[in-house]
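S.K.: What follows is model_35.txt; its format and atoms are compact mmCIF, C-alpha atoms.
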# COMPACT_ATOMS: atom_id res chain seq x y z
CA MET S 922 -21.97 94.14 42.18
CA LYS S 923 -25.52 93.94 43.54
CA GLU S 924 -26.59 96.75 41.22
CA MET S 925 -25.92 94.38 38.29
CA TYR S 926 -28.93 92.32 39.42
CA PRO S 927 -32.62 93.22 39.05
CA LYS S 928 -34.38 94.79 42.04
CA LYS S 929 -37.44 92.77 41.06
CA GLY S 930 -37.41 89.46 39.27
CA ARG S 931 -34.87 86.63 39.02
CA VAL S 932 -31.66 85.78 37.22
CA ILE S 933 -31.74 82.21 35.91
CA LEU S 934 -29.01 80.20 34.23
CA HIS S 935 -29.54 77.09 32.13
CA VAL S 936 -26.37 75.02 31.94
CA ASP S 937 -26.36 72.50 29.10
CA MET S 938 -23.46 70.12 28.54
CA ASN S 939 -22.34 69.84 24.91
CA SER S 940 -22.51 66.35 23.33
CA PHE S 941 -22.29 65.05 26.88
CA TYR S 942 -21.68 61.31 26.43
CA ALA S 943 -19.19 61.87 23.62
CA SER S 944 -17.44 64.64 25.57
CA VAL S 945 -17.11 62.41 28.64
CA GLU S 946 -15.52 59.69 26.49
CA MET S 947 -13.07 62.26 25.11
CA ALA S 948 -12.20 63.42 28.62
CA TYR S 949 -11.63 59.79 29.59
CA ASP S 950 -9.51 59.09 26.50
CA PRO S 951 -7.94 62.31 25.10
CA GLU S 952 -6.87 60.45 21.93
CA LEU S 953 -10.53 60.63 20.83
CA LYS S 954 -10.52 64.43 20.78
CA GLY S 955 -10.95 65.98 17.37
CA LYS S 956 -12.22 62.72 15.87
CA PRO S 957 -15.73 61.77 14.72
CA LEU S 958 -17.14 59.83 17.67
CA ALA S 959 -20.59 58.39 18.28
CA ILE S 960 -22.17 56.63 21.23
CA ALA S 961 -24.61 53.94 20.18
CA GLY S 962 -26.47 50.90 21.41
CA ASN S 963 -25.91 47.55 19.70
CA VAL S 964 -22.55 48.64 18.34
CA GLU S 965 -22.00 45.27 16.66
CA GLU S 966 -25.35 45.34 14.87
CA ARG S 967 -26.51 47.41 11.91
CA ARG S 968 -29.77 48.29 13.63
CA GLY S 969 -28.01 50.16 16.45
CA ILE S 970 -29.12 53.77 17.02
CA ILE S 971 -26.88 56.80 17.58
CA VAL S 972 -27.41 58.09 21.13
CA THR S 973 -25.19 61.14 20.66
CA CYS S 974 -22.15 62.13 18.66
CA SER S 975 -19.29 64.59 18.66
CA TYR S 976 -19.39 67.83 16.69
CA GLU S 977 -16.76 66.36 14.36
CA ALA S 978 -19.21 63.57 13.50
CA ARG S 979 -22.05 66.06 13.03
CA ARG S 980 -20.10 67.79 10.28
CA PHE S 981 -20.52 64.61 8.23
CA GLY S 982 -24.28 64.70 8.80
CA VAL S 983 -24.37 62.18 11.66
CA LYS S 984 -27.30 62.89 14.00
CA THR S 985 -28.86 61.60 17.21
CA THR S 986 -31.35 58.71 16.65
CA MET S 987 -29.82 57.99 13.23
CA PRO S 988 -29.37 54.26 12.45
CA LEU S 989 -25.77 53.16 12.91
CA TRP S 990 -25.50 51.80 9.37
CA GLU S 991 -26.48 55.18 7.95
CA ALA S 992 -24.04 57.05 10.20
CA ARG S 993 -21.19 54.80 9.04
CA ARG S 994 -22.16 55.38 5.42
CA LEU S 995 -21.96 59.15 5.94
CA CYS S 996 -18.77 58.93 7.98
CA PRO S 997 -16.67 55.81 7.18
CA ASN S 998 -14.08 56.75 9.84
CA LEU S 999 -16.70 57.09 12.59
CA ILE S 1000 -15.54 55.75 15.97
CA VAL S 1001 -18.43 54.06 17.77
CA LYS S 1002 -18.55 53.21 21.47
CA LYS S 1003 -21.12 51.66 23.75
CA PRO S 1004 -22.61 53.90 26.48
CA ASN S 1005 -20.86 53.78 29.84
CA PHE S 1006 -23.53 55.15 32.17
CA GLU S 1007 -21.41 54.78 35.27
CA ARG S 1008 -18.82 57.08 33.75
CA TYR S 1009 -21.47 59.61 32.65
CA ARG S 1010 -23.08 59.55 36.08
CA ALA S 1011 -19.76 60.36 37.76
CA ALA S 1012 -19.21 63.30 35.40
CA SER S 1013 -22.76 64.53 36.05
CA LEU S 1014 -22.22 64.43 39.79
CA GLY S 1015 -19.09 66.55 39.47
CA MET S 1016 -20.75 69.03 37.13
CA PHE S 1017 -23.74 69.67 39.37
CA GLU S 1018 -21.60 70.08 42.45
CA ILE S 1019 -19.64 72.82 40.70
CA LEU S 1020 -22.97 74.57 40.08
CA ARG S 1021 -23.94 74.26 43.74
CA GLN S 1022 -20.84 76.17 44.78
CA TYR S 1023 -22.47 79.28 43.25
CA SER S 1024 -26.05 78.80 44.43
CA GLU S 1025 -28.13 76.44 46.56
CA LEU S 1026 -30.95 76.80 44.03
CA VAL S 1027 -29.89 74.24 41.44
CA GLU S 1028 -32.49 72.09 39.66
CA PRO S 1029 -31.25 69.18 37.54
CA VAL S 1030 -33.58 68.34 34.66
CA SER S 1031 -31.49 65.52 33.20
CA ILE S 1032 -28.04 64.00 33.56
CA ASP S 1033 -26.47 66.78 31.49
CA GLU S 1034 -28.49 69.94 32.04
CA GLY S 1035 -29.97 72.00 34.85
CA TYR S 1036 -31.24 75.38 35.99
CA MET S 1037 -29.69 77.73 38.53
CA ASP S 1038 -31.21 80.72 40.30
CA ILE S 1039 -28.30 83.11 40.92
CA THR S 1040 -30.38 86.13 41.97
CA ASP S 1041 -28.64 86.21 45.37
CA SER S 1042 -25.20 85.12 44.12
CA TYR S 1043 -23.88 88.62 43.40
CA GLU S 1044 -20.87 88.02 45.67
CA PHE S 1045 -19.46 85.87 42.85
CA GLY S 1046 -19.72 88.65 40.27
CA SER S 1047 -22.14 89.75 37.57
CA PRO S 1048 -24.34 87.13 35.85
CA PRO S 1049 -22.05 86.94 32.77
CA GLU S 1050 -19.00 86.64 35.03
CA ILE S 1051 -20.62 83.80 36.99
CA ALA S 1052 -21.57 82.00 33.78
CA LYS S 1053 -18.03 82.33 32.43
CA SER S 1054 -16.54 81.14 35.72
CA ILE S 1055 -18.79 78.07 35.72
CA GLN S 1056 -17.97 77.29 32.11
CA ILE S 1057 -14.22 77.56 32.74
CA ARG S 1058 -14.32 75.45 35.91
CA ILE S 1059 -16.32 72.65 34.28
CA LEU S 1060 -13.87 72.67 31.38
CA GLU S 1061 -10.73 72.78 33.53
CA GLN S 1062 -11.83 70.38 36.29
CA LEU S 1063 -13.89 67.90 34.27
CA ASP S 1064 -12.54 68.56 30.76
CA LEU S 1065 -16.13 68.97 29.54
CA PRO S 1066 -17.64 71.79 27.44
CA CYS S 1067 -20.99 73.40 28.20
CA SER S 1068 -23.24 76.20 26.95
CA ILE S 1069 -25.06 78.56 29.32
CA GLY S 1070 -28.14 80.71 28.88
CA ILE S 1071 -28.78 83.75 31.08
CA ALA S 1072 -32.34 85.05 31.37
CA PRO S 1073 -35.08 86.24 33.77
CA ASN S 1074 -36.87 82.86 33.70
CA LYS S 1075 -36.37 79.16 32.95
CA PHE S 1076 -37.92 79.14 29.48
CA LEU S 1077 -35.81 82.00 28.17
CA ALA S 1078 -32.67 80.60 29.81
CA LYS S 1079 -33.24 77.26 28.05
CA MET S 1080 -33.80 78.96 24.70
CA ALA S 1081 -30.64 81.04 25.24
CA SER S 1082 -28.40 78.07 26.02
CA ASP S 1083 -29.39 76.44 22.72
CA MET S 1084 -28.30 79.44 20.66
CA LYS S 1085 -24.53 79.02 20.86
CA LYS S 1086 -22.94 75.56 20.93
CA PRO S 1087 -20.42 74.44 21.88
CA LEU S 1088 -19.04 76.63 24.69
CA GLY S 1089 -21.50 79.47 24.21
CA ILE S 1090 -22.86 81.99 26.70
CA THR S 1091 -26.01 83.83 25.63
CA ILE S 1092 -28.04 86.53 27.41
CA LEU S 1093 -31.74 86.66 26.49
CA ARG S 1094 -33.84 89.46 27.95
CA LYS S 1095 -37.57 89.98 27.55
CA ARG S 1096 -36.94 93.00 25.34
CA ASP S 1097 -35.00 90.72 22.98
CA ILE S 1098 -37.98 88.41 22.36
CA PRO S 1099 -39.55 90.18 19.32
CA GLY S 1100 -36.26 90.44 17.46
CA ILE S 1101 -34.67 87.10 18.39
CA LEU S 1102 -37.38 84.55 19.24
CA TRP S 1103 -40.45 85.60 17.28
CA PRO S 1104 -38.93 85.08 13.80
CA LEU S 1105 -38.09 81.41 14.65
CA GLU S 1106 -40.32 78.55 13.55
CA THR S 1107 -42.42 77.04 16.34
CA SER S 1108 -40.53 73.74 15.98
CA GLU S 1109 -37.44 75.53 17.34
CA MET S 1110 -39.25 76.51 20.52
CA HIS S 1111 -38.58 74.56 23.70
CA GLY S 1112 -41.70 72.61 24.59
CA VAL S 1113 -43.01 72.37 21.02
CA GLY S 1114 -42.46 69.01 19.35
CA SER S 1115 -42.85 68.20 15.68
CA LYS S 1116 -46.44 66.99 16.12
CA THR S 1117 -47.47 70.12 18.01
CA ALA S 1118 -45.78 72.29 15.37
CA GLU S 1119 -47.80 70.53 12.66
CA LYS S 1120 -51.03 71.09 14.61
CA LEU S 1121 -50.23 74.78 14.98
CA LYS S 1122 -49.84 75.10 11.23
CA THR S 1123 -53.48 74.07 10.84
CA ILE S 1124 -54.47 77.37 12.47
CA GLU S 1125 -51.81 79.31 10.53
CA ILE S 1126 -49.29 79.55 13.34
CA TYR S 1127 -45.85 79.05 11.82
CA THR S 1128 -43.48 81.12 13.96
CA ILE S 1129 -43.03 81.80 17.66
CA GLY S 1130 -44.28 85.31 16.93
CA ASP S 1131 -47.47 83.89 15.44
CA LEU S 1132 -47.92 81.82 18.60
CA ALA S 1133 -47.35 84.85 20.83
CA LYS S 1134 -50.23 86.61 19.08
CA GLY S 1135 -52.40 83.51 18.69
CA ASN S 1136 -56.11 83.34 19.43
CA ASP S 1137 -56.74 82.02 22.95
CA VAL S 1138 -59.89 80.10 22.03
CA GLN S 1139 -58.25 78.44 19.00
CA LEU S 1140 -55.19 77.46 21.02
CA LYS S 1141 -57.26 75.97 23.82
CA THR S 1142 -59.43 74.04 21.36
CA LEU S 1143 -56.35 72.70 19.57
CA LEU S 1144 -53.97 72.02 22.48
CA GLY S 1145 -56.06 72.25 25.66
CA ILE S 1146 -54.42 73.87 28.68
CA ASN S 1147 -51.03 73.56 27.01
CA GLY S 1148 -52.12 76.09 24.39
CA ALA S 1149 -52.27 78.96 26.90
CA ARG S 1150 -49.00 77.82 28.47
CA LEU S 1151 -47.17 77.84 25.15
CA LYS S 1152 -48.57 81.27 24.27
CA ASP S 1153 -47.23 82.59 27.60
CA ARG S 1154 -43.81 81.09 26.86
CA ALA S 1155 -43.80 82.68 23.40
CA ASN S 1156 -44.34 86.02 25.14
CA GLY S 1157 -41.51 85.33 27.58
CA ILE S 1158 -43.80 84.55 30.52
CA ASP S 1159 -42.68 81.68 32.78
CA THR S 1160 -43.35 81.79 36.53
CA ARG S 1161 -41.80 78.40 37.38
CA LEU S 1162 -39.27 78.53 40.22
CA VAL S 1163 -35.97 76.69 40.27
CA ASP S 1164 -36.70 73.69 42.49
CA PRO S 1165 -33.68 71.89 43.99
CA GLU S 1166 -35.92 69.11 45.31
CA SER S 1167 -37.37 68.13 41.96
CA VAL S 1168 -35.17 65.00 41.68
CA SER S 1169 -34.40 64.45 45.36
CA ASP S 1170 -35.16 60.73 45.07
CA PHE S 1171 -32.02 60.22 42.96
CA LYS S 1172 -29.36 60.60 45.59
CA SER S 1173 -25.78 59.76 46.25
CA ILE S 1174 -23.24 61.37 48.52
CA GLY S 1175 -19.60 61.86 47.78
CA ASN S 1176 -16.61 64.15 47.55
CA SER S 1177 -13.79 64.68 45.12
CA THR S 1178 -10.78 66.96 45.25
CA THR S 1179 -8.43 68.29 42.61
CA LEU S 1180 -4.92 67.98 44.03
CA PRO S 1181 -2.63 71.04 44.11
CA ARG S 1182 0.00 69.07 42.17
CA ASP S 1183 0.49 65.63 40.67
CA PHE S 1184 0.72 63.01 43.44
CA THR S 1185 2.62 59.75 42.99
CA ASN S 1186 3.35 58.78 46.59
CA GLN S 1187 0.92 56.12 47.83
CA LYS S 1188 1.06 57.43 51.39
CA ASP S 1189 0.04 60.92 50.24
CA LEU S 1190 -2.76 59.53 48.10
CA PHE S 1191 -4.04 57.43 50.99
CA LYS S 1192 -4.08 60.54 53.17
CA VAL S 1193 -6.29 62.27 50.60
CA LEU S 1194 -8.61 59.26 50.52
CA ASP S 1195 -8.82 59.34 54.33
CA GLY S 1196 -9.93 62.96 54.18
CA LEU S 1197 -12.51 62.27 51.48
CA ALA S 1198 -13.83 59.26 53.42
CA GLU S 1199 -14.32 61.45 56.49
CA LYS S 1200 -16.31 64.00 54.50
CA VAL S 1201 -18.50 61.32 52.94
CA SER S 1202 -19.05 59.67 56.33
CA VAL S 1203 -20.08 62.93 57.97
CA ARG S 1204 -22.59 63.70 55.23
CA LEU S 1205 -24.04 60.19 55.23
CA LYS S 1206 -24.65 60.44 58.96
CA ARG S 1207 -26.19 63.88 58.70
CA LYS S 1208 -28.63 62.53 56.12
CA LYS S 1209 -29.20 59.43 58.27
CA VAL S 1210 -28.48 57.09 55.38
CA VAL S 1211 -25.95 54.42 54.52
CA ALA S 1212 -24.42 53.49 51.17
CA SER S 1213 -24.99 50.13 49.50
CA SER S 1214 -22.40 50.81 46.78
CA LEU S 1215 -19.12 52.69 46.79
CA GLY S 1216 -17.40 54.37 43.87
CA ILE S 1217 -14.00 55.97 43.34
CA THR S 1218 -12.77 58.41 40.72
CA ILE S 1219 -9.12 58.71 39.64
CA ARG S 1220 -7.91 61.38 37.23
CA TYR S 1221 -4.34 61.23 36.00
CA LYS S 1222 -1.91 63.95 34.98
CA ASP S 1223 -2.91 63.51 31.31
CA ARG S 1224 -6.60 64.06 32.29
CA LYS S 1225 -7.52 60.44 31.66
CA THR S 1226 -10.24 59.66 34.19
CA ILE S 1227 -11.53 56.33 35.44
CA THR S 1228 -14.52 55.65 37.71
CA ARG S 1229 -15.11 52.34 39.41
CA SER S 1230 -17.98 51.20 41.62
CA LYS S 1231 -18.58 48.20 43.82
CA LYS S 1232 -21.80 46.74 45.21
CA LEU S 1233 -21.23 46.05 48.90
CA ALA S 1234 -22.28 43.01 50.91
CA ASN S 1235 -22.86 45.32 53.90
CA THR S 1236 -23.88 48.97 53.83
CA VAL S 1237 -21.32 51.53 55.01
CA SER S 1238 -21.34 54.92 56.70
CA GLN S 1239 -18.29 54.88 58.99
CA GLN S 1240 -15.15 56.73 57.91
CA GLN S 1241 -12.79 53.81 58.47
CA GLU S 1242 -14.76 51.28 56.47
CA ILE S 1243 -15.28 53.77 53.63
CA SER S 1244 -11.59 54.62 53.66
CA ASP S 1245 -10.49 50.96 53.71
CA LEU S 1246 -12.77 50.03 50.81
CA ALA S 1247 -11.74 53.08 48.79
CA LYS S 1248 -8.05 52.25 49.26
CA GLN S 1249 -8.61 48.67 48.16
CA MET S 1250 -10.41 49.86 45.03
CA PHE S 1251 -7.75 52.49 44.40
CA LEU S 1252 -4.88 49.99 44.56
CA LYS S 1253 -6.73 47.61 42.27
CA ASN S 1254 -7.23 50.29 39.61
CA TRP S 1255 -4.29 52.71 39.96
CA ASN S 1256 -1.73 52.22 37.19
CA GLY S 1257 1.03 54.02 39.09
CA ASP S 1258 0.90 57.23 37.02
CA PRO S 1259 0.73 60.67 38.68
CA VAL S 1260 -2.75 61.44 40.06
CA ARG S 1261 -4.38 64.87 39.86
CA LEU S 1262 -7.91 64.18 41.21
CA LEU S 1263 -9.46 61.66 43.60
CA GLY S 1264 -13.07 61.11 44.53
CA ILE S 1265 -15.21 58.81 46.69
CA THR S 1266 -18.96 58.45 46.20
CA GLY S 1267 -21.51 56.44 48.18
CA THR S 1268 -24.51 55.42 46.05
CA ASP S 1269 -27.66 53.32 46.33
CA LEU S 1270 -28.44 55.05 49.61
CA VAL S 1271 -30.67 53.41 52.20
CA ASP S 1272 -32.41 55.10 55.13
CA ASN S 1273 -31.00 53.98 58.49
CA ASP S 1274 -34.42 52.68 59.50
CA HIS S 1275 -34.43 50.20 56.62
CA VAL S 1276 -30.95 48.71 56.87
CA VAL S 1277 -30.55 44.95 56.99
CA LYS S 1278 -26.95 43.94 57.62
CA GLN S 1279 -25.65 40.77 56.02
CA LEU S 1280 -23.40 39.30 58.70
CA ASP S 1281 -20.48 37.21 57.58
CA LEU S 1282 -18.67 34.61 59.69
CA PHE S 1283 -16.19 37.14 61.05
CA SER S 1284 -18.59 39.97 61.87
CA TYR S 1285 -21.24 37.77 63.48
CA GLU S 1286 -19.47 37.39 66.84
CA ASN S 1287 -18.87 41.13 67.24
CA GLU S 1288 -22.44 41.97 66.27
CA ALA S 1289 -23.79 39.37 68.71
CA LYS S 1290 -21.92 41.08 71.55
CA LYS S 1291 -23.76 44.31 70.72
CA GLU S 1292 -27.21 42.69 70.76
CA PRO S 1293 -28.11 43.79 74.33
CA LEU S 1294 -27.21 47.36 73.40
CA TYR S 1295 -29.34 47.21 70.25
CA LYS S 1296 -32.32 45.93 72.25
CA THR S 1297 -31.96 48.75 74.78
CA LEU S 1298 -31.76 51.37 72.00
CA SER S 1299 -34.79 49.86 70.32
CA LEU S 1300 -36.84 50.07 73.54
CA LEU S 1301 -35.80 53.69 74.13
CA ARG S 1302 -36.69 54.70 70.59
CA GLU S 1303 -40.01 52.89 70.78
CA LYS S 1304 -40.90 54.71 74.00
CA TYR S 1305 -39.46 58.19 73.31
CA GLY S 1306 -39.15 58.39 69.52
CA LYS S 1307 -36.52 57.34 67.00
CA ASN S 1308 -34.46 60.55 67.44
CA ILE S 1309 -33.96 60.15 71.22
CA ILE S 1310 -30.50 58.63 70.62
CA GLU S 1311 -28.43 59.26 67.52
CA ASN S 1312 -24.96 58.36 66.37
CA ALA S 1313 -22.38 60.95 67.31
CA GLY S 1314 -21.50 61.29 63.62
CA VAL S 1315 -24.86 62.91 62.92
CA HIS S 1316 -23.61 66.07 64.62
CA GLN S 1317 -19.98 65.71 63.63
CA THR S 1318 -18.26 68.61 61.88
CA ASP S 1319 -15.87 68.24 59.01
CA THR S 1320 -12.35 68.56 60.39
CA SER S 1321 -10.21 67.34 57.50
CA ASN S 1322 -7.96 69.76 55.67
CA ASN S 1323 -8.98 70.87 52.21
CA VAL S 1324 -6.63 69.82 49.43
CA GLY S 1325 -6.93 71.63 46.13
CA THR S 1326 -10.28 72.52 44.58
CA GLU S 1327 -13.02 70.47 46.18
CA THR S 1328 -16.20 69.16 44.65
CA SER S 1329 -18.76 67.33 46.80
CA PHE S 1330 -21.22 65.04 45.03
CA ASN S 1331 -24.78 64.70 46.34
CA LYS S 1332 -26.96 63.58 43.39
CA ASP S 1333 -27.27 60.36 41.46
CA PHE S 1334 -29.11 60.94 38.20
CA LEU S 1335 -28.99 57.53 36.57
CA ARG S 1336 -30.15 55.02 39.15
CA SER S 1337 -32.69 53.91 36.58
CA PHE S 1338 -29.92 52.90 34.18
CA PRO S 1339 -28.27 49.49 34.55
CA ASN S 1340 -24.86 49.68 36.16
CA VAL S 1341 -21.80 48.75 34.16
CA SER S 1342 -19.99 45.76 35.66
CA SER S 1343 -18.01 46.79 38.71
CA ASP S 1344 -14.25 46.98 39.18
CA LYS S 1345 -13.46 46.37 35.53
CA ASP S 1346 -11.62 48.59 33.10
CA GLN S 1347 -14.17 49.51 30.48
CA LYS S 1348 -13.02 51.51 27.49
CA ASN S 1349 -15.92 51.92 26.47
CA ASP S 1350 -27.72 64.88 25.16
CA SER S 1351 -26.71 67.07 23.04
As structure tokens, please, write out the structure in this file.

M.R.:
Amino acid sequence: MKEMYPKKGRVILHVDMNSFYASVEMAYDPELKGKPLAIAGNVEERRGIIVTCSYEARRFGVKTTMPLWEARRLCPNLIVKKPNFERYRAASLGMFEILRQYSELVEPVSIDEGYMDITDSYEFGSPPEIAKSIQIRILEQLDLPCSIGIAPNKFLAKMASDMKKPLGITILRKRDIPGILWPLETSEMHGVGSKTAEKLKTIEIYTIGDLAKGNDVQLKTLLGINGARLKDRANGIDTRLVDPESVSDFKSIGNSTTLPRDFTNQKDLFKVLDGLAEKVSVRLKRKKVVASSLGITIRYKDRKTITRSKKLANTVSQQQEISDLAKQMFLKNWNGDPVRLLGITGTDLVDNDHVVKQLDLFSYENEAKKEPLYKTLSLLREKYGKNIIENAGVHQTDTSNNVGTETSFNKDFLRSFPNVSSDKDQKNDS
């Protein structure tokens, strides 16, 4: 299979989720599938704006950023829902962890799209086979459609993924550029907005081909350093590497597992949660962080999926406390139907060096007993360095048995968005 890959150069995928927010809502509530659906702010008010919409809604002319009143005029039967960012974040976590099972070089660029460098992933098959496998797994495990571009660099991969939606896979090679990209208007080029496209027209550059052959001095005068960069892109030149650390500040740690069959026995489900809690605990300790919030994911036999999160009074990292909290949240939200997937995610991570524990009446006495030990550890770390003594869990290996198809979460893309209220059933891109 290695001969299917270039001896020089890279193989880059761009994975782009299709109508992400709307698709997540359809996965959550299958009754919405096949119907015109839009996600919008200020649902109750005429001045609300469409955030994204389903392809069924687009057939009526509904578009992103369109005023809600106009969308309803075009599509009287339009179903409109408020955004549920907690739900979208959970789906994003699962999607990116599927990608990481094919390559360590995964760079998220937003909640619903990212790049992969699969140059050394030939053990999983040819590039088209890997793309198809990823697309099928995201659809089967998360019930979400995506389009994938395959190319030798990030720019071409992005352009390729936009060519077939939904559920498209497109290969774009450098030799394809003159015939496929150059005839397109510059406004269709990634990185060229409407204002830049209008500026380019002033120097008689209308297509990507015109830009590829543009005058260097004119482009620099018009667009500065970006002029040369865009000309390179138009010629298929993009030396940017896939950088997994580009959004490393947005972190969470978690695991989910698709069960081998539908589980209804509480004891069996608790056993799965115990295993997930152990995995999360091990990874938290390895990263030397604790979680300030805990989330669970439950997917039922009919693919309906719920995610719930809870802000914690005290941070957690130990398996038992994670397991106990997850079970409490599970019992509060489980409706008794057969379960096909379970997940636990620790979010709002805090470095161990910055933890302040809020002691309640019951934990105070136990913590007070440990005070001499804490003082001794503090003195040792001050004298010999903070890594002189570490928790045993930092070096712990994962011993739990795998159940079904596992996905481990380790990114949190929407910490900047306000959380939806915790532990409540909320019914509530491109």

S.K.: Just to confirm, what's the straight-line distance from atom CA of S:Met922 to atom CA of S:Gln1022 in Å (one decimal)?

M.R.: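 Calculated distance between atom CA of S:Met922 and atom CA of S:Gln1022 is 18.2 Å.
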
S.K.: I'd like the interatomic distance between atom CA of S:Ala948 and atom CA of S:Phe1045, to a tenth of an Å.

M.R.: 27.6 Å

S.K.: Near S:Asp1245, within 10 Å and counting all atoms listed in the file, which residues show up once chain neighbours fewer than 5 positions away are dropped, as a ChimeraX atom specification?

M.R.: /S:1191,1194-1195,1198,1240,1250-1251

S.K.: So, counting all atoms listed in the file, which residue among S:Phe941, S:Phe981, S:Tyr1009, S:Tyr1036 is closest to S:Pro1087?

M.R.: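 Result for the nearest residue to S:Pro1087: S:Phe941.
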
S.K.: Please indicate the distance in Å from atom CA of S:Lys1232 to atom CA of S:Ile1219, rounded to one decimal place.

M.R.: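 Atom CA of S:Ile1219 lies at a distance of 18.3 Å from atom CA of S:Lys1232.
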
S.K.: With only C-alpha atoms as the atoms that count, which of S:Leu995, S:Glu924, S:Val936, S:Val1193 lies nearest to S:Val1027?

M.R.: S:Val936

S.K.: For stretch 1000-1006 of chain S, list every protein, DNA or RNA residue within 6 Å, evaluated using only C-alpha atoms, and leave out those in the same chain fewer than 3 positions away; present the list as a ChimeraX atom specification.

M.R.: /S:958-962,1009-1010,1349

S.K.: So that I can see what lies close to S:Ser1238, please list as a PDB file with C-alpha atoms, in the coordinates of the input the residues with an atom at most 10 Å from it, counting all atoms listed in the file and leaving out residues fewer than 6 positions away in the same chain.

M.R.:
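selection27.pdb, freshly written:
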ATOM      1  CA  ALA S1198     -13.830  59.260  53.420  1.00  0.00           C
ATOM      2  CA  GLU S1199     -14.320  61.450  56.490  1.00  0.00           C
ATOM      3  CA  VAL S1201     -18.500  61.320  52.940  1.00  0.00           C
ATOM      4  CA  SER S1202     -19.050  59.670  56.330  1.00  0.00           C
ATOM      5  CA  VAL S1203     -20.080  62.930  57.970  1.00  0.00           C
ATOM      6  CA  ARG S1204     -22.590  63.700  55.230  1.00  0.00           C
ATOM      7  CA  LEU S1205     -24.040  60.190  55.230  1.00  0.00           C
ATOM      8  CA  LYS S1206     -24.650  60.440  58.960  1.00  0.00           C
ATOM      9  CA  LYS S1209     -29.200  59.430  58.270  1.00  0.00           C
ATOM     10  CA  VAL S1210     -28.480  57.090  55.380  1.00  0.00           C
ATOM     11  CA  VAL S1211     -25.950  54.420  54.520  1.00  0.00           C
ATOM     12  CA  ALA S1212     -24.420  53.490  51.170  1.00  0.00           C
ATOM     13  CA  SER S1213     -24.990  50.130  49.500  1.00  0.00           C
ATOM     14  CA  GLY S1267     -21.510  56.440  48.180  1.00  0.00           C
ATOM     15  CA  ASN S1273     -31.000  53.980  58.490  1.00  0.00           C
ATOM     16  CA  GLY S1314     -21.500  61.290  63.620  1.00  0.00           C
TER      17      GLY S1314
END

S.K.: Could you check which residues have any atom within 12 Å of (-11.5, 74.6, 37.0), counting all atoms listed in the file with coordinates taken straight from the file, and then list them as a list in words?

M.R.: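 The residues near that point, listed by chain and number, are Gly1015, Met1016, Ile1019, Leu1020, Lys1053, Ser1054, Ile1055, Gln1056, Ile1057, Arg1058, Ile1059, Leu1060, Glu1061, Gln1062, Leu1063, Asp1064, Leu1065, Pro1066, Thr1178, Thr1179, Leu1180, Pro1181, Leu1262, Gly1325, Thr1326, Glu1327 and Thr1328 of chain S.
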
S.K.: Quick one: of S:Ala1133, S:Val1237, S:Leu1105, S:Leu1190, who's nearest to S:Ile1174, counting all atoms listed in the file?

M.R.: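 Among the listed residues, the smallest separation from S:Ile1174 belongs to S:Val1237.
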
S.K.: Do a neighbour search on S:His1111 at 9 Å with all atoms listed in the file, toss out local chain neighbours closer than 3 positions, and write the hits as a PyMOL selection string.

M.R.: chain S and resi 1076+1079-1080+1107-1108+1114+1154

S.K.: For S:Lys923, which of S:Leu1263, S:Ile1039, S:Leu1102, S:Leu1140 is the closest residue, counting all atoms listed in the file?

M.R.: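 So, comparing all the options, the nearest one is S:Ile1039.
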
S.K.: Taking only C-alpha atoms into account, name the residue in S:Ile1032, S:Ala1011, S:Cys1067, S:Leu1077 that is nearest to S:Thr1268.

M.R.: S:Ala1011
